[in-house]
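The structure appears right after this line, and notes come after that.
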Amino acid sequence: MSDIFNEANMRHILQKYVFSGETLVTGIHAVSHETEIRGVFGKCTCTENSLIPDEDGSVIVLNKKKYSAYDIYIGITEQSLVIADCEQCSYLYEFEDGSDADAVDVQNVSSEIFLTDIGTCYALADIRSCEIKKGWMGSVKCSLTMRNGSHFKLMFPKLGGLGGGMPHHAEYRDRIIERLSGSAQI
């Protein structure tokens with residue numbers, strides 16, 4: 001059995017991205033078919049792998065994209081949506097000058113932020129739209145758009161892999177779908 005389909009491994013990876021003071025309530029294995037993450041960062045400088053604080057730095061608009069299918073974990077805390085790659089993968093990073101960005105969207109950088117960590121945790125209140133559709137062979141397709149313009153096209157499989165490494169997959173999948181569609185509170 002692959003480590004991807006292991007509930008303990010999934011919890012360990014998701015927990016790294018949970019906002020301080022929150023607890024992971026539920027999580028599943030899923031597949032991302034399209035990822036477009038947007039972030040606006042101020043008072044920083046971009047290095048090869050991260051954004052570092054710089055009082056004299058500029059405002060940087062980061063677009064982090066991937067347009068191929070890859071394995072992810074998706075989890076829910078009391079107030080947040082957490083998305084993490086199951087395995088290391090590559091993204092297309094595009095940087096723009098954000099000097100004309102709306103000041104409300106700018107997140108000032110106070111400590112180093114690794115590019116790989118950007119777009120992993122969102123407040124559930126920041127979900128602008130969520131479209132849920134039935135997929136092939138019992139899967140569920142989910143299209144999420146966040147308030148900041150980030151967008152995800154996800155697929156939640158019916159089963160959590162073979163071998164029994166994710167025994168709560170069906171139950172947790174239903175809870176995540178209910179929460180994302182706004183019909184239930186955790």
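Ligands are numbered from 1 in the order shown, chains are lettered A, B, ... in the order of the structure tokens, and residues start at 1 in each chain.
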Open item on the list: Report as number ranges by chain all protein, DNA and RNA residues lying within 7 Å of Phe41 (chain A), evaluated on only C-alpha atoms, omitting residues in the same chain fewer than 3 positions from it.
Closed with: A: 44, 59-61, 106-109
Residues of region 35-85 of chain A at most 10 Å from region 112-120 of chain A: nearest atom pair and distance in Å, only C-alpha atoms, as a Markdown table:
```
| residue | atom | partner | partner_atom | distance |
| --- | --- | --- | --- | --- |
| A:Thr35 | CA | A:Gly119 | CA | 9.5 |
| A:Glu36 | CA | A:Gly119 | CA | 9.0 |
| A:Ile37 | CA | A:Gly119 | CA | 5.9 |
| A:Arg38 | CA | A:Gly119 | CA | 7.7 |
| A:Gly39 | CA | A:Ile118 | CA | 7.8 |
| A:Cys44 | CA | A:Glu112 | CA | 9.0 |
| A:Thr45 | CA | A:Glu112 | CA | 9.8 |
| A:Cys46 | CA | A:Leu115 | CA | 9.4 |
| A:Thr47 | CA | A:Phe114 | CA | 9.4 |
| A:Glu48 | CA | A:Leu115 | CA | 8.8 |
| A:Asn49 | CA | A:Leu115 | CA | 5.8 |
| A:Ser50 | CA | A:Phe114 | CA | 4.2 |
| A:Leu51 | CA | A:Ile113 | CA | 5.2 |
| A:Ile52 | CA | A:Glu112 | CA | 4.5 |
| A:Pro53 | CA | A:Glu112 | CA | 6.5 |
| A:Leu62 | CA | A:Leu115 | CA | 9.2 |
| A:Asn63 | CA | A:Ile118 | CA | 9.9 |
| A:Lys64 | CA | A:Gly119 | CA | 8.3 |
| A:Ile74 | CA | A:Thr120 | CA | 9.3 |
| A:Leu81 | CA | A:Thr120 | CA | 8.2 |
| A:Val82 | CA | A:Thr120 | CA | 5.6 |
| A:Ile83 | CA | A:Thr120 | CA | 4.8 |
| A:Ala84 | CA | A:Thr120 | CA | 5.8 |
| A:Asp85 | CA | A:Thr120 | CA | 8.8 |
```
Open item on the list: Taking the DSSP secondary structure from the backbone, can you list the residues of chain A that are helix (DSSP H, G or I), as a PyMOL selection string?
Closed with: chain A and resi 3-5+7-15+103-105+115-117+124-126+136-138+169-180
Could you dump the residues just selected with N, CA, C and O atoms as a compact mmCIF listing (two decimals), in the first residue's frame?
```txt
# COMPACT_ATOMS: atom_id res chain seq x y z
N ASP A 3 2.13 5.01 0.76
CA ASP A 3 2.02 5.89 1.91
C ASP A 3 1.00 7.00 1.69
O ASP A 3 0.53 7.62 2.63
N ILE A 4 0.65 7.25 0.43
CA ILE A 4 -0.36 8.27 0.13
C ILE A 4 -1.69 7.87 0.76
O ILE A 4 -2.40 8.72 1.29
N PHE A 5 -2.01 6.60 0.73
CA PHE A 5 -3.29 6.13 1.25
C PHE A 5 -3.14 5.64 2.68
O PHE A 5 -3.55 4.55 3.03
N GLU A 7 -3.91 7.11 6.54
CA GLU A 7 -4.57 8.18 7.29
C GLU A 7 -3.62 8.89 8.25
O GLU A 7 -3.67 10.11 8.39
N ALA A 8 -2.74 8.16 8.90
CA ALA A 8 -1.80 8.78 9.83
C ALA A 8 -0.84 9.70 9.08
O ALA A 8 -0.54 10.81 9.54
N ASN A 9 -0.35 9.26 7.93
CA ASN A 9 0.53 10.08 7.10
C ASN A 9 -0.20 11.34 6.63
O ASN A 9 0.36 12.45 6.67
N MET A 10 -1.45 11.18 6.21
CA MET A 10 -2.26 12.31 5.77
C MET A 10 -2.42 13.34 6.89
O MET A 10 -2.20 14.53 6.69
N ARG A 11 -2.77 12.89 8.07
CA ARG A 11 -2.95 13.80 9.21
C ARG A 11 -1.65 14.54 9.53
O ARG A 11 -1.66 15.73 9.81
N HIS A 12 -0.54 13.82 9.48
CA HIS A 12 0.76 14.43 9.76
C HIS A 12 1.07 15.55 8.76
O HIS A 12 1.50 16.64 9.14
N ILE A 13 0.84 15.29 7.48
CA ILE A 13 1.13 16.30 6.44
C ILE A 13 0.17 17.48 6.55
O ILE A 13 0.59 18.64 6.50
N LEU A 14 -1.12 17.24 6.71
CA LEU A 14 -2.09 18.34 6.80
C LEU A 14 -1.85 19.21 8.04
O LEU A 14 -1.97 20.43 7.98
N GLN A 15 -1.51 18.57 9.15
CA GLN A 15 -1.34 19.31 10.41
C GLN A 15 -0.25 20.38 10.31
O GLN A 15 -0.33 21.40 10.98
N ALA A 103 -4.93 47.49 -1.40
CA ALA A 103 -4.23 47.37 -0.11
C ALA A 103 -4.88 46.34 0.81
O ALA A 103 -4.22 45.79 1.68
N VAL A 104 -6.17 46.07 0.63
CA VAL A 104 -6.87 45.10 1.48
C VAL A 104 -6.30 43.69 1.26
O VAL A 104 -6.23 42.89 2.18
N ASP A 105 -5.89 43.38 0.04
CA ASP A 105 -5.41 42.04 -0.29
C ASP A 105 -3.96 41.80 0.08
O ASP A 105 -3.49 40.67 0.06
N LEU A 115 7.75 29.30 -0.89
CA LEU A 115 6.79 29.28 -1.98
C LEU A 115 5.93 28.02 -1.95
O LEU A 115 4.76 28.05 -2.29
N THR A 116 6.50 26.91 -1.51
CA THR A 116 5.76 25.65 -1.44
C THR A 116 4.63 25.70 -0.41
O THR A 116 3.69 24.92 -0.49
N ASP A 117 4.74 26.59 0.58
CA ASP A 117 3.72 26.69 1.64
C ASP A 117 2.58 27.63 1.29
O ASP A 117 1.57 27.66 1.99
N LEU A 124 -12.44 29.14 5.91
CA LEU A 124 -13.65 28.66 5.23
C LEU A 124 -14.54 29.83 4.82
O LEU A 124 -15.23 29.78 3.81
N ALA A 125 -14.50 30.91 5.60
CA ALA A 125 -15.30 32.09 5.29
C ALA A 125 -14.83 32.76 3.99
O ALA A 125 -15.57 33.55 3.41
N ASP A 126 -13.62 32.44 3.52
CA ASP A 126 -13.09 33.04 2.30
C ASP A 126 -13.47 32.27 1.03
O ASP A 126 -13.03 32.62 -0.06
N TRP A 136 -17.43 10.43 -12.16
CA TRP A 136 -17.40 9.08 -12.69
C TRP A 136 -17.14 8.07 -11.58
O TRP A 136 -16.32 8.30 -10.69
N MET A 137 -17.83 6.94 -11.59
CA MET A 137 -17.64 5.82 -10.67
C MET A 137 -17.74 6.23 -9.19
O MET A 137 -16.93 5.81 -8.37
N GLY A 138 -18.70 7.06 -8.87
CA GLY A 138 -18.94 7.45 -7.48
C GLY A 138 -18.10 8.59 -6.97
O GLY A 138 -18.21 9.00 -5.83
N HIS A 169 -12.47 7.22 5.05
CA HIS A 169 -12.53 8.06 3.85
C HIS A 169 -13.96 8.45 3.47
O HIS A 169 -14.23 9.63 3.25
N ALA A 170 -14.86 7.49 3.37
CA ALA A 170 -16.23 7.79 2.92
C ALA A 170 -16.93 8.76 3.88
O ALA A 170 -17.55 9.73 3.45
N GLU A 171 -16.81 8.50 5.15
CA GLU A 171 -17.42 9.37 6.17
C GLU A 171 -16.82 10.77 6.12
O GLU A 171 -17.54 11.76 6.12
N TYR A 172 -15.50 10.87 6.05
CA TYR A 172 -14.83 12.18 6.03
C TYR A 172 -15.11 12.92 4.73
O TYR A 172 -15.25 14.14 4.71
N ARG A 173 -15.18 12.19 3.63
CA ARG A 173 -15.49 12.82 2.34
C ARG A 173 -16.86 13.49 2.40
O ARG A 173 -17.02 14.63 1.98
N ASP A 174 -17.84 12.78 2.94
CA ASP A 174 -19.19 13.35 3.05
C ASP A 174 -19.20 14.60 3.93
O ASP A 174 -19.87 15.59 3.62
N ARG A 175 -18.45 14.58 5.03
CA ARG A 175 -18.38 15.74 5.92
C ARG A 175 -17.73 16.94 5.23
O ARG A 175 -18.17 18.07 5.39
N ILE A 176 -16.68 16.68 4.47
CA ILE A 176 -16.00 17.77 3.74
C ILE A 176 -16.93 18.35 2.68
O ILE A 176 -17.06 19.57 2.55
N ILE A 177 -17.61 17.50 1.93
CA ILE A 177 -18.53 17.97 0.90
C ILE A 177 -19.65 18.80 1.52
O ILE A 177 -19.99 19.88 1.02
N GLU A 178 -20.22 18.32 2.61
CA GLU A 178 -21.29 19.08 3.29
C GLU A 178 -20.79 20.44 3.75
O GLU A 178 -21.46 21.44 3.60
N ARG A 179 -19.60 20.47 4.32
CA ARG A 179 -19.05 21.73 4.85
C ARG A 179 -18.72 22.70 3.72
O ARG A 179 -19.01 23.88 3.80
N LEU A 180 -18.12 22.20 2.66
CA LEU A 180 -17.77 23.07 1.53
C LEU A 180 -19.00 23.61 0.82
O LEU A 180 -19.00 24.75 0.34
```
TODO: Can you pull out every residue within 12 Å of Val31 (chain A), counting only C-alpha atoms, but drop anything in the same chain fewer than 3 positions away, and send it as a PyMOL selection string?
DONE: chain A and resi 4+28+34-35+67-74+83-87+139-143+152-158+160
Task: CA of Glu22 (chain A) to CA of Arg147 (chain A), straight-line distance in Å - done: 21.0 Å
